[in-house]
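Colleague: My structure file start.cif, mmCIF, C-alpha atoms and all ligand atoms, is below:
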data_protein
loop_
_atom_site.label_atom_id
_atom_site.label_comp_id
_atom_site.auth_asym_id
_atom_site.auth_seq_id
_atom_site.Cartn_x
_atom_site.Cartn_y
_atom_site.Cartn_z
CA MET P 248 134.02 47.17 -23.31
CA ALA P 249 134.30 46.05 -19.68
CA SER P 250 132.03 47.57 -17.05
CA ASN P 251 133.52 49.96 -14.48
CA ILE P 252 131.13 48.85 -11.76
CA PRO P 253 133.38 47.14 -9.18
CA ASN P 254 131.38 43.98 -8.40
CA HIS P 255 129.96 43.56 -11.87
CA ALA P 256 132.01 40.93 -13.66
CA PRO P 257 130.03 39.66 -16.67
CA SER P 258 130.74 36.09 -17.73
CA LYS P 259 132.21 35.49 -21.18
CA LEU P 260 128.75 34.44 -22.44
CA ALA P 261 127.33 37.84 -21.50
CA MET P 262 129.91 39.78 -23.50
CA VAL P 263 128.77 40.29 -27.08
CA PRO P 264 131.27 40.95 -29.89
CA PHE P 265 130.34 44.18 -31.69
CA VAL P 266 131.54 44.90 -35.24
CA SER P 267 131.26 48.61 -35.96
CA VAL P 268 131.40 50.26 -39.40
CA GLU P 269 135.10 50.95 -38.84
CA HIS P 270 135.75 47.33 -37.82
CA MET P 271 133.85 46.11 -40.88
CA MET P 272 135.92 48.29 -43.21
CA LYS P 273 139.14 46.96 -41.64
CA LEU P 274 137.82 43.39 -41.90
CA VAL P 275 136.89 43.80 -45.59
CA ASN P 276 140.21 45.45 -46.45
CA GLY P 277 142.17 42.90 -44.38
CA ILE P 278 140.57 39.98 -46.23
CA GLY P 279 140.35 41.82 -49.56
CA VAL P 280 136.95 42.76 -50.99
CA LYS P 281 137.08 40.16 -53.81
CA GLN P 282 138.03 37.30 -51.47
CA PHE P 283 135.37 38.50 -48.98
CA LEU P 284 132.68 38.39 -51.71
CA SER P 285 133.76 35.00 -52.95
CA GLU P 286 133.95 33.41 -49.45
CA LEU P 287 130.63 35.02 -48.52
CA SER P 288 128.97 33.53 -51.61
CA VAL P 289 130.11 30.09 -50.39
CA TYR P 290 128.41 30.71 -47.02
CA VAL P 291 125.20 31.83 -48.78
CA GLU P 292 125.32 28.75 -51.01
CA GLU P 293 125.85 26.44 -47.99
CA ASP P 294 122.77 27.91 -46.32
CA PHE P 295 120.63 27.73 -49.49
CA LEU P 296 121.62 24.05 -49.76
CA ARG P 297 120.14 23.44 -46.28
CA TRP P 298 117.16 25.74 -46.97
CA GLU P 299 114.51 23.42 -45.54
CA LEU P 300 116.10 23.55 -42.07
CA PHE P 301 115.45 27.26 -41.66
CA ASP P 302 112.50 29.09 -40.11
CA LYS P 303 111.15 31.29 -42.90
CA ALA P 304 108.63 34.12 -43.08
CA PRO P 305 108.22 37.25 -45.19
CA ARG P 306 110.01 40.11 -43.46
CA LEU P 307 108.07 42.40 -41.14
CA ALA P 308 107.84 45.70 -43.01
CA THR P 309 106.72 49.03 -41.57
CA HIS P 310 105.94 51.36 -44.47
CA SER P 311 105.76 55.13 -44.49
CA LYS P 312 105.34 57.74 -47.22
CA GLU P 313 109.12 58.08 -47.52
CA GLY P 314 110.30 54.49 -47.19
CA VAL P 315 110.26 51.28 -45.21
CA ILE P 316 111.84 49.84 -42.06
CA GLU P 317 112.08 46.05 -41.98
CA LEU P 318 112.97 43.26 -39.56
CA MET P 319 114.29 40.06 -41.12
CA PRO P 320 114.51 37.08 -38.76
CA THR P 321 115.46 33.43 -39.36
CA SER P 322 116.96 30.46 -37.52
CA ASP P 323 118.60 27.14 -38.41
CA GLY P 324 117.58 25.67 -35.05
CA GLU P 325 120.97 26.32 -33.42
CA VAL P 326 121.58 29.95 -34.30
CA TYR P 327 119.01 32.72 -34.67
CA GLY P 328 119.65 35.90 -36.66
CA PHE P 329 117.85 39.07 -37.61
CA LYS P 330 118.59 42.22 -39.54
CA TYR P 331 117.12 45.68 -39.11
CA VAL P 332 117.17 47.47 -42.48
CA ASN P 333 115.58 50.55 -44.02
CA GLY P 334 114.93 51.58 -47.62
CA HIS P 335 114.42 55.32 -48.19
CA PRO P 336 114.98 56.34 -51.84
CA LYS P 337 114.65 60.08 -51.02
CA ASN P 338 117.54 59.90 -48.50
CA MET P 339 120.22 60.10 -51.18
CA SER P 340 119.15 63.59 -52.28
CA GLU P 341 119.41 64.71 -48.63
CA GLY P 342 122.94 63.32 -48.26
CA PHE P 343 121.92 60.10 -46.46
CA GLN P 344 122.16 56.42 -47.42
CA THR P 345 119.11 54.83 -49.08
CA VAL P 346 119.78 51.59 -47.19
CA THR P 347 121.28 51.22 -43.68
CA ALA P 348 121.30 48.12 -41.51
CA PHE P 349 122.56 46.29 -38.46
CA GLY P 350 122.10 42.69 -37.36
CA VAL P 351 122.34 40.17 -34.55
CA LEU P 352 123.17 36.48 -34.24
CA ALA P 353 122.00 34.65 -31.12
CA ASN P 354 122.43 31.25 -29.54
CA VAL P 355 119.10 29.39 -29.76
CA SER P 356 119.79 27.21 -26.71
CA THR P 357 120.40 30.17 -24.32
CA GLY P 358 118.78 32.99 -26.29
CA TYR P 359 121.92 35.06 -25.63
CA PRO P 360 123.14 37.29 -28.48
CA MET P 361 126.48 36.11 -29.94
CA LEU P 362 127.23 38.97 -32.34
CA LEU P 363 126.05 42.51 -33.02
CA SER P 364 127.24 43.95 -36.31
CA GLU P 365 126.85 46.88 -38.64
CA MET P 366 125.17 45.63 -41.81
CA THR P 367 125.05 48.61 -44.18
CA ILE P 368 128.32 47.55 -45.79
CA LEU P 369 127.57 43.89 -45.12
CA THR P 370 124.20 44.14 -46.93
CA ALA P 371 125.89 45.50 -50.06
CA LEU P 372 128.39 42.63 -49.88
CA ARG P 373 125.76 39.93 -49.28
CA THR P 374 123.45 41.28 -51.98
CA ALA P 375 126.30 41.27 -54.49
CA ALA P 376 127.47 37.79 -53.42
CA THR P 377 123.89 36.45 -53.73
CA SER P 378 123.31 38.10 -57.14
CA ALA P 379 126.52 36.60 -58.52
CA LEU P 380 125.72 33.22 -56.98
CA ALA P 381 122.26 33.22 -58.63
CA ALA P 382 123.86 34.18 -61.95
CA LYS P 383 126.35 31.31 -61.58
CA TYR P 384 123.35 28.97 -61.83
CA LEU P 385 121.23 30.97 -64.29
CA ALA P 386 123.29 33.19 -66.61
CA PRO P 387 124.35 32.04 -70.08
CA GLN P 388 127.60 30.05 -70.06
CA GLY P 389 130.62 32.18 -70.90
CA SER P 390 128.94 35.52 -70.06
CA ARG P 391 131.53 38.30 -70.08
CA CYS P 392 129.53 41.56 -70.31
CA MET P 393 127.03 43.01 -67.82
CA ALA P 394 124.90 46.15 -67.99
CA MET P 395 124.58 47.95 -64.62
CA ILE P 396 121.62 50.33 -64.53
CA GLY P 397 121.71 52.38 -61.33
CA ASN P 398 125.22 53.22 -60.18
CA GLY P 399 124.58 54.04 -56.52
CA ALA P 400 125.84 52.46 -53.30
CA GLN P 401 125.36 48.82 -54.41
CA CYS P 402 126.97 49.20 -57.84
CA GLU P 403 130.68 48.54 -57.30
CA PHE P 404 129.99 45.62 -54.93
CA GLN P 405 127.81 44.04 -57.64
CA ALA P 406 130.48 44.57 -60.30
CA LEU P 407 133.27 43.05 -58.20
CA ALA P 408 131.17 40.04 -57.19
CA PHE P 409 130.30 39.33 -60.84
CA LYS P 410 133.95 39.68 -61.82
CA GLU P 411 135.16 37.40 -59.04
CA ILE P 412 132.45 34.72 -59.16
CA LEU P 413 131.52 34.71 -62.87
CA GLY P 414 134.51 36.25 -64.63
CA ILE P 415 132.53 39.21 -66.04
CA ASN P 416 135.10 41.70 -67.31
CA VAL P 417 133.07 44.34 -69.20
CA PHE P 418 130.57 46.53 -67.34
CA ARG P 419 128.30 48.94 -69.20
CA LEU P 420 127.17 51.56 -66.68
CA TYR P 421 124.16 53.87 -66.80
CA ASP P 422 122.53 56.11 -64.18
CA ILE P 423 120.14 59.04 -64.65
CA ASP P 424 122.70 60.96 -62.61
CA ALA P 425 125.98 60.98 -64.56
CA THR P 426 127.95 61.80 -61.39
CA ALA P 427 126.96 58.38 -60.00
CA THR P 428 128.35 56.70 -63.12
CA ASP P 429 131.55 58.77 -62.83
CA LYS P 430 131.90 57.74 -59.16
CA ALA P 431 131.44 54.02 -59.97
CA SER P 432 133.79 54.25 -62.93
CA ARG P 433 136.47 55.88 -60.73
CA ASN P 434 136.07 53.31 -57.96
CA LEU P 435 136.29 50.41 -60.41
CA SER P 436 139.33 51.66 -62.29
CA GLY P 437 142.48 49.54 -61.93
CA LYS P 438 140.42 46.47 -61.02
CA GLY P 439 141.14 44.57 -64.24
CA ILE P 440 137.77 45.32 -65.83
CA THR P 441 136.61 47.42 -68.76
CA ILE P 442 134.09 50.13 -67.95
CA VAL P 443 131.85 51.60 -70.62
CA LYS P 444 129.90 54.69 -69.54
CA CYS P 445 126.55 54.81 -71.35
CA LYS P 446 124.09 57.61 -72.01
CA SER P 447 120.90 55.54 -71.71
CA SER P 448 119.61 52.19 -70.42
CA GLN P 449 119.10 51.21 -74.05
CA GLU P 450 122.78 51.81 -74.80
CA ALA P 451 123.87 50.01 -71.60
CA VAL P 452 122.10 46.73 -72.47
CA GLU P 453 123.65 46.49 -75.96
CA GLY P 454 125.74 43.31 -76.16
CA ALA P 455 125.26 42.47 -72.47
CA GLN P 456 124.54 38.84 -71.52
CA ILE P 457 123.56 39.94 -68.00
CA ILE P 458 121.49 43.02 -67.08
CA THR P 459 121.50 44.24 -63.49
CA THR P 460 118.90 46.82 -62.50
CA CYS P 461 119.80 48.52 -59.23
CA THR P 462 117.84 51.76 -59.06
CA ALA P 463 115.94 53.31 -56.16
CA ASP P 464 112.56 54.92 -56.71
CA LYS P 465 109.41 54.41 -54.66
CA GLN P 466 107.13 53.74 -57.62
CA TYR P 467 106.33 51.25 -60.38
CA ALA P 468 109.28 52.42 -62.50
CA THR P 469 110.09 51.08 -65.96
CA ILE P 470 113.85 50.83 -66.09
CA LEU P 471 113.68 48.11 -68.76
CA THR P 472 111.02 47.89 -71.46
CA ASP P 473 110.27 44.65 -73.28
CA ASN P 474 112.08 45.63 -76.50
CA MET P 475 115.35 46.16 -74.56
CA VAL P 476 115.59 42.53 -73.46
CA GLY P 477 116.81 40.10 -76.09
CA THR P 478 116.53 36.32 -75.91
CA GLY P 479 119.06 34.42 -73.82
CA VAL P 480 119.73 37.26 -71.37
CA HIS P 481 119.92 36.88 -67.58
CA ILE P 482 118.33 39.74 -65.60
CA ASN P 483 119.46 40.43 -62.05
CA ALA P 484 116.70 42.77 -60.79
CA ILE P 485 117.57 43.98 -57.31
CA GLY P 486 115.99 47.46 -57.02
CA GLY P 487 112.33 46.36 -57.00
CA ASP P 488 112.07 45.20 -53.40
CA CYS P 489 108.99 46.81 -51.86
CA PRO P 490 105.24 46.93 -52.50
CA GLY P 491 104.72 49.61 -55.18
CA LYS P 492 108.46 49.69 -56.07
CA THR P 493 109.48 47.78 -59.20
CA GLU P 494 111.79 48.22 -62.20
CA LEU P 495 110.69 45.98 -65.08
CA HIS P 496 107.85 46.26 -67.59
CA ARG P 497 105.31 43.49 -66.96
CA ASP P 498 105.79 42.06 -70.49
CA ILE P 499 109.40 41.13 -69.61
CA LEU P 500 108.11 39.04 -66.71
CA LEU P 501 105.74 37.19 -69.04
CA ARG P 502 108.64 36.20 -71.34
CA SER P 503 110.98 35.16 -68.49
CA ASP P 504 111.56 32.13 -66.31
CA ILE P 505 111.45 33.72 -62.88
CA PHE P 506 113.65 32.72 -59.95
CA VAL P 507 113.16 34.10 -56.46
CA GLU P 508 114.60 33.73 -52.97
CA TYR P 509 111.45 33.00 -50.92
CA ALA P 510 108.24 33.14 -52.95
CA PRO P 511 105.84 34.29 -50.17
CA GLN P 512 108.03 37.39 -49.60
CA THR P 513 108.79 38.09 -53.27
CA ARG P 514 105.08 37.94 -54.21
CA ILE P 515 104.56 40.90 -51.84
CA GLU P 516 107.71 42.88 -52.69
CA GLY P 517 109.32 41.78 -55.95
CA GLU P 518 108.71 42.38 -59.63
CA ILE P 519 106.16 39.54 -59.49
CA GLN P 520 103.81 41.64 -57.31
CA LYS P 521 102.44 42.73 -60.74
CA LEU P 522 101.54 39.13 -61.68
CA PRO P 523 98.76 36.84 -60.42
CA GLN P 524 99.63 35.12 -57.13
CA ASP P 525 99.74 31.70 -58.83
CA HIS P 526 102.20 32.71 -61.59
CA ALA P 527 104.90 30.01 -61.67
CA VAL P 528 108.22 30.90 -60.05
CA THR P 529 111.13 28.76 -58.89
CA GLU P 530 112.97 29.29 -55.61
CA LEU P 531 116.72 29.50 -56.11
CA TRP P 532 117.52 26.80 -53.54
CA GLN P 533 115.55 24.33 -55.70
CA VAL P 534 117.93 24.97 -58.60
CA MET P 535 120.95 24.64 -56.31
CA THR P 536 119.74 21.31 -54.94
CA ASP P 537 118.83 20.04 -58.46
CA SER P 538 115.17 19.70 -57.53
CA SER P 539 114.24 22.24 -60.26
CA GLU P 540 115.80 23.26 -63.53
CA GLY P 541 117.65 26.54 -63.96
CA ARG P 542 118.73 27.61 -67.44
CA ARG P 543 117.69 24.98 -70.01
CA THR P 544 118.28 26.70 -73.36
CA ASP P 545 120.36 29.47 -74.91
CA ASN P 546 117.20 31.39 -75.83
CA GLN P 547 115.63 31.41 -72.40
CA ILE P 548 115.38 34.70 -70.49
CA THR P 549 116.14 34.05 -66.83
CA LEU P 550 115.11 36.63 -64.25
CA PHE P 551 116.41 36.67 -60.68
CA ASP P 552 113.72 38.76 -58.96
CA SER P 553 115.83 39.62 -55.92
CA VAL P 554 114.36 41.30 -52.85
CA GLY P 555 116.90 40.16 -50.26
CA PHE P 556 115.97 37.38 -47.83
CA ALA P 557 116.81 36.80 -44.15
CA ILE P 558 118.87 33.65 -44.82
CA GLU P 559 121.41 35.69 -46.85
CA ASP P 560 121.87 38.02 -43.88
CA PHE P 561 122.19 35.02 -41.57
CA SER P 562 124.94 33.65 -43.86
CA ALA P 563 126.70 37.03 -43.87
CA LEU P 564 126.59 37.32 -40.08
CA ARG P 565 127.79 33.71 -39.80
CA TYR P 566 130.73 34.55 -42.10
CA VAL P 567 131.64 37.64 -40.05
CA ARG P 568 131.40 35.70 -36.78
CA ASP P 569 133.81 33.07 -38.17
CA GLN P 570 136.28 35.79 -39.20
CA LEU P 571 136.41 37.15 -35.63
CA ALA P 572 138.60 34.17 -34.64
CA HIS P 573 141.37 35.66 -36.85
CA THR P 574 141.02 39.35 -36.05
CA THR P 575 140.88 41.90 -33.24
CA ASN P 576 138.58 44.10 -35.34
CA TYR P 577 135.71 44.11 -32.86
CA ILE P 578 134.99 45.05 -29.27
CA ASP P 579 133.20 43.10 -26.55
CA LEU P 580 130.02 44.80 -25.40
CA ASP P 581 128.67 44.37 -21.89
CA MET P 582 125.18 43.83 -23.32
CA ILE P 583 123.57 41.11 -21.21
CA ALA P 584 122.81 41.71 -17.53
CA ASP P 585 124.52 38.80 -15.80
CA PRO P 586 124.02 38.73 -12.00
CA ASP P 587 125.95 36.03 -10.06
CA ASP P 588 122.57 34.72 -8.88
CA PRO P 589 120.39 34.76 -12.04
CA ARG P 590 117.31 35.60 -9.94
CA ASP P 591 118.96 38.53 -8.22
CA LEU P 592 118.77 41.09 -11.03
CA PHE P 593 117.38 43.71 -8.63
CA GLY P 594 120.13 43.03 -6.08
CA MET P 595 122.76 43.52 -8.77
CA VAL P 596 121.31 46.93 -9.64
CA MET P 597 121.10 48.00 -5.98
CA ARG P 598 124.65 46.86 -5.17
CA ALA P 599 125.90 48.87 -8.12
CA GLU P 600 124.09 51.95 -6.75
CA ASP P 601 125.62 51.36 -3.26
CA GLU P 602 129.07 51.06 -4.81
CA TRP P 603 128.62 54.21 -6.88
CA GLN P 604 127.53 56.10 -3.73
CA ALA P 605 130.59 54.77 -1.89
CA THR P 606 132.83 56.00 -4.71
CA ILE P 607 131.25 59.48 -4.54
CA CYS P 608 131.56 59.75 -0.72
P1 LIG P 701 121.26 54.39 -54.17
O1 LIG P 701 120.19 55.38 -53.84
O2 LIG P 701 122.60 54.56 -53.58
O3 LIG P 701 121.45 54.30 -55.76
C1 LIG P 701 120.37 54.22 -56.66
C2 LIG P 701 120.82 54.83 -57.98
O4 LIG P 701 119.78 54.61 -58.93
C3 LIG P 701 121.07 56.33 -57.90
O5 LIG P 701 122.39 56.63 -58.33
C4 LIG P 701 120.01 56.93 -58.84
O6 LIG P 701 120.45 58.09 -59.52
C5 LIG P 701 119.77 55.76 -59.78
N1 LIG P 701 118.50 55.80 -60.51
C6 LIG P 701 117.27 56.11 -60.03
N2 LIG P 701 116.35 56.02 -61.01
C7 LIG P 701 117.02 55.63 -62.13
C8 LIG P 701 116.62 55.37 -63.47
N3 LIG P 701 115.35 55.50 -63.84
N4 LIG P 701 117.56 54.97 -64.37
C9 LIG P 701 118.87 54.85 -63.99
N5 LIG P 701 119.31 55.10 -62.72
C10 LIG P 701 118.39 55.50 -61.82
O7 LIG P 701 120.66 52.96 -53.78
P2 LIG P 701 121.43 51.59 -53.55
O8 LIG P 701 121.83 51.43 -52.12
O9 LIG P 701 122.45 51.42 -54.63
O10 LIG P 701 120.24 50.56 -53.81
C11 LIG P 701 119.69 50.43 -55.11
C12 LIG P 701 118.39 49.67 -55.01
O11 LIG P 701 118.66 48.32 -54.61
C13 LIG P 701 117.43 50.24 -53.98
O12 LIG P 701 116.12 50.23 -54.55
C14 LIG P 701 117.50 49.28 -52.82
O13 LIG P 701 116.30 49.23 -52.08
C15 LIG P 701 117.77 47.99 -53.54
N6 LIG P 701 118.45 46.94 -52.75
C16 LIG P 701 118.04 45.67 -52.93
C17 LIG P 701 118.67 44.66 -52.24
C18 LIG P 701 118.25 43.24 -52.48
O14 LIG P 701 118.66 42.35 -51.75
N7 LIG P 701 117.46 42.98 -53.50
C19 LIG P 701 119.70 44.95 -51.34
C20 LIG P 701 120.13 46.26 -51.21
C21 LIG P 701 119.48 47.28 -51.92
#
Using structure tokens, write down the structure that the file contains.
Ligand code: NAD
Modeller:
Amino acid sequence: MASNIPNHAPSKLAMVPFVSVEHMMKLVNGIGVKQFLSELSVYVEEDFLRWELFDKAPRLATHSKEGVIELMPTSDGEVYGFKYVNGHPKNMSEGFQTVTAFGVLANVSTGYPMLLSEMTILTALRTAATSALAAKYLAPQGSRCMAMIGNGAQCEFQALAFKEILGINVFRLYDIDATATDKASRNLSGKGITIVKCKSSQEAVEGAQIITTCTADKQYATILTDNMVGTGVHINAIGGDCPGKTELHRDILLRSDIFVEYAPQTRIEGEIQKLPQDHAVTELWQVMTDSSEGRRTDNQITLFDSVGFAIEDFSALRYVRDQLAHTTNYIDLDMIADPDDPRDLFGMVMRAEDEWQATIC
């Protein structure tokens, strides 16, 4: 969006591409949601393979009675990124999204932003791509059936990522609200997968090699009890992602080999907040780089205790930025003040005022 101030001509560096929700939907549909998920998982994997390069810290969370607002920054030394994201489980009953987000990439050498993007849709895509990527390393070989407990906003993205990246073709859906299951079932019809609508979590996990828990409740919930989890299963637990907000009974954790994104953050926010701080966990990047073992035996229960980490958002923004070379689905924002003489910021403002006055007279 060019400025209409006559003498204000921002340089190309000062114009920041902005991807709105509408642009993102066009981008996803233009690429195809399955291809988007699969290419995005490659970007996430590339960044996990160079994990040690990144600046890492637990996200900065501002909690309230109703939810949380978080800032998630990271940098690979050349590019900096952050995401603003909220989590408000009560929003859904008021007709709002539980999770909304936007994010920025910036050039480390100038500090100038390079991309501003919606990330509500992008977070669902990156979470699904990361879950499926983790399962590629941890789930039993030849898995074909996944239970999906919690059929809200993330559900269909998760299902399509697991179909595309792992070849899962049977999904057993359960939600305490049957209309959510009906919605997911409708959205997933005609996608080459079998949907089984279940009446309980217990029914949903029957015969599933992978169990995804994706519910939203600001409490220590028990979506899965110990007796529901058989040997050899992979659990993709994504809904427990805040202090005081978990989904699994503690006994399941004690029987599982636990894999996390970034341990210092997951110990605060993940399922493992219920375990002692020194309980052994493995970071996913260590499995990807062969510095730690993933699944060793058929009987092992693997648990991906996902909370969502800044590097996944960085990868997602990096993917979107690369797509902008092939699309016009964005606008340029005049976001950085860019006076001809960098020290004459004040002069630029005053000249603009003079020119406005001249236009009025
Ligand atoms: P949503 O509010 O759209 O959907 C949540 C669904 O869970 C609702 O349909 C609700 O009816 C259902 N539910 C609640 N309690 C249940 C129970 N006991 N049994 C079965 N279903 C139940 O939320 P969403 O956007 O789909 O997100 C789901 C969860 O995933 C949230 O907790 C969110 O914070 C989390 N999340 C995690 C990541 C990550 O990276 N780990 C990323 C995005 C969202």
Colleague: Which of these residues is nearest to Val480 in chain P, using all atoms listed in the file: P:Thr459, P:Gln547, P:Thr513, P:Thr493?
Modeller: P:Gln547
Colleague: Given the point (133.0, 37.3, -43.6) in the file's coordinates, find the residues that have an atom at most 12 Å from it, counting all atoms listed in the file, and give them as a ChimeraX atom specification.
Modeller: /P:266,270-291,364,366,368-370,372-373,376,560-574
Colleague: How far is it from CA of Met535 in chain P to CA of Lys521 in chain P, in Å with one decimal?
Modeller: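 CA of Lys521 in chain P lies 26.3 Å from CA of Met535 in chain P.
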Colleague: Go ahead and compute the interatomic distance for CA of Asp498 in chain P and CA of Gln524 in chain P, in Å to one decimal.
Modeller: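 Computed distance, CA of Asp498 in chain P to CA of Gln524 in chain P, equals 16.3 Å.
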Colleague: Ligand LIG 701 (chain P): which residues are within 6 Å, counting all atoms listed in the file, as a JSON list (two decimals) with C-alpha atoms, in the frame of the given file?
Modeller:
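Okay, out_21.json is ready:
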[["chain", "number", "residue", "atom", "x", "y", "z"],
["P", 334, "GLY", "CA", 114.93, 51.58, -47.62],
["P", 336, "PRO", "CA", 114.98, 56.34, -51.84],
["P", 339, "MET", "CA", 120.22, 60.10, -51.18],
["P", 345, "THR", "CA", 119.11, 54.83, -49.08],
["P", 346, "VAL", "CA", 119.78, 51.59, -47.19],
["P", 371, "ALA", "CA", 125.89, 45.50, -50.06],
["P", 374, "THR", "CA", 123.45, 41.28, -51.98],
["P", 396, "ILE", "CA", 121.62, 50.33, -64.53],
["P", 397, "GLY", "CA", 121.71, 52.38, -61.33],
["P", 398, "ASN", "CA", 125.22, 53.22, -60.18],
["P", 399, "GLY", "CA", 124.58, 54.04, -56.52],
["P", 400, "ALA", "CA", 125.84, 52.46, -53.30],
["P", 401, "GLN", "CA", 125.36, 48.82, -54.41],
["P", 402, "CYS", "CA", 126.97, 49.20, -57.84],
["P", 422, "ASP", "CA", 122.53, 56.11, -64.18],
["P", 423, "ILE", "CA", 120.14, 59.04, -64.65],
["P", 424, "ASP", "CA", 122.70, 60.96, -62.61],
["P", 427, "ALA", "CA", 126.96, 58.38, -60.00],
["P", 461, "CYS", "CA", 119.80, 48.52, -59.23],
["P", 462, "THR", "CA", 117.84, 51.76, -59.06],
["P", 463, "ALA", "CA", 115.94, 53.31, -56.16],
["P", 464, "ASP", "CA", 112.56, 54.92, -56.71],
["P", 470, "ILE", "CA", 113.85, 50.83, -66.09],
["P", 485, "ILE", "CA", 117.57, 43.98, -57.31],
["P", 486, "GLY", "CA", 115.99, 47.46, -57.02],
["P", 487, "GLY", "CA", 112.33, 46.36, -57.00],
["P", 488, "ASP", "CA", 112.07, 45.20, -53.40],
["P", 553, "SER", "CA", 115.83, 39.62, -55.92],
["P", 554, "VAL", "CA", 114.36, 41.30, -52.85],
["P", 555, "GLY", "CA", 116.90, 40.16, -50.26]]
Colleague: Which residue, P:Glu313, P:Glu516, P:Glu325, P:Asp429, has the smallest gap to Lys465 in chain P when you use all atoms listed in the file?
Modeller: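 The answer is P:Glu313, which sits nearest to Lys465 in chain P.
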Colleague: With distances taken over all atoms listed in the file, which residue among P:Ile505, P:Leu363, P:Cys445, P:Ile519 lies nearest Tyr467 in chain P?
Modeller: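 Comparing P:Ile505, P:Leu363, P:Cys445, P:Ile519 against Tyr467 in chain P, the winner is P:Ile519.
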Colleague: Pick out the closest residue to Lys259 in chain P from this set: P:Glu602, P:Asp591, P:Asp581, P:Glu292. Count only C-alpha atoms.
Modeller: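 Nearest to Lys259 in chain P: P:Asp581.
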Colleague: Please indicate the distance in Å from CA of Asp323 in chain P to CA of Phe301 in chain P, rounded to one decimal place.
Modeller: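 Interatomic distance, CA of Asp323 in chain P to CA of Phe301 in chain P: 4.5 Å.
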Colleague: Around (115.9, 29.5, -56.1), as given in the file, which residues come within 10 Å? Count all atoms listed in the file and list them as an NGL selection string.
Modeller: :P and (295 or 298 or 381 or 384-385 or 505-510 or 528-536 or 538-541 or 551-552)
Colleague: Find, counting only C-alpha atoms, the residue in P:Phe343, P:Tyr359, P:Gly491, P:Leu501 that gets nearest to Lys312 in chain P.
Modeller: P:Gly491
Colleague: Using only C-alpha atoms for the distances, tell me which of P:Ser340, P:Ser448, P:Gln512, P:Thr460 is nearest to Met475 in chain P.
Modeller: P:Ser448
Colleague: Please identify all polymer residues within 6 Å of Leu362 in chain P, counting only C-alpha atoms, omitting same-chain residues fewer than 4 positions from it, and present them as a PyMOL selection string.
Modeller: chain P and resi 263-264+351-352
Colleague: Fewer than 2 positions away in the same chain doesn't count, so skip those; otherwise give me all residues within 9 Å of Ile583 in chain P, counting only C-alpha atoms, as a PyMOL selection string.
Modeller: chain P and resi 257+260-263+359-360+580-581+585
Colleague: Can you rebuild range 567-579 of chain P with N, CA and C atoms and give it as a PDB file, in the frame of the given file?
Modeller:
ATOM      1  N   VAL P 567     130.922  36.653 -40.865  1.00  0.00           N
ATOM      2  CA  VAL P 567     131.640  37.640 -40.050  1.00  0.00           C
ATOM      3  C   VAL P 567     132.016  37.036 -38.703  1.00  0.00           C
ATOM      4  N   ARG P 568     131.091  36.308 -38.091  1.00  0.00           N
ATOM      5  CA  ARG P 568     131.400  35.700 -36.780  1.00  0.00           C
ATOM      6  C   ARG P 568     132.614  34.777 -36.917  1.00  0.00           C
ATOM      7  N   ASP P 569     132.676  33.988 -37.991  1.00  0.00           N
ATOM      8  CA  ASP P 569     133.810  33.070 -38.170  1.00  0.00           C
ATOM      9  C   ASP P 569     135.120  33.826 -38.383  1.00  0.00           C
ATOM     10  N   GLN P 570     135.040  35.014 -38.974  1.00  0.00           N
ATOM     11  CA  GLN P 570     136.280  35.790 -39.200  1.00  0.00           C
ATOM     12  C   GLN P 570     136.828  36.357 -37.894  1.00  0.00           C
ATOM     13  N   LEU P 571     135.955  36.502 -36.871  1.00  0.00           N
ATOM     14  CA  LEU P 571     136.410  37.150 -35.630  1.00  0.00           C
ATOM     15  C   LEU P 571     137.486  36.325 -34.927  1.00  0.00           C
ATOM     16  N   ALA P 572     137.551  35.020 -35.226  1.00  0.00           N
ATOM     17  CA  ALA P 572     138.600  34.170 -34.640  1.00  0.00           C
ATOM     18  C   ALA P 572     139.988  34.603 -35.128  1.00  0.00           C
ATOM     19  N   HIS P 573     140.054  35.306 -36.277  1.00  0.00           N
ATOM     20  CA  HIS P 573     141.370  35.660 -36.850  1.00  0.00           C
ATOM     21  C   HIS P 573     141.634  37.159 -36.788  1.00  0.00           C
ATOM     22  N   THR P 574     140.849  37.901 -36.024  1.00  0.00           N
ATOM     23  CA  THR P 574     141.020  39.350 -36.050  1.00  0.00           C
ATOM     24  C   THR P 574     140.711  39.961 -34.683  1.00  0.00           C
ATOM     25  N   THR P 575     141.261  41.161 -34.456  1.00  0.00           N
ATOM     26  CA  THR P 575     140.880  41.900 -33.240  1.00  0.00           C
ATOM     27  C   THR P 575     139.973  43.069 -33.624  1.00  0.00           C
ATOM     28  N   ASN P 576     139.435  43.016 -34.846  1.00  0.00           N
ATOM     29  CA  ASN P 576     138.580  44.100 -35.340  1.00  0.00           C
ATOM     30  C   ASN P 576     137.157  44.003 -34.803  1.00  0.00           C
ATOM     31  N   TYR P 577     137.020  44.054 -33.488  1.00  0.00           N
ATOM     32  CA  TYR P 577     135.710  44.110 -32.860  1.00  0.00           C
ATOM     33  C   TYR P 577     135.934  44.485 -31.400  1.00  0.00           C
ATOM     34  N   ILE P 578     134.864  44.852 -30.710  1.00  0.00           N
ATOM     35  CA  ILE P 578     134.990  45.050 -29.270  1.00  0.00           C
ATOM     36  C   ILE P 578     133.934  44.198 -28.582  1.00  0.00           C
ATOM     37  N   ASP P 579     134.201  43.840 -27.319  1.00  0.00           N
ATOM     38  CA  ASP P 579     133.200  43.100 -26.550  1.00  0.00           C
ATOM     39  C   ASP P 579     132.284  44.083 -25.845  1.00  0.00           C
TER      40      ASP P 579
END
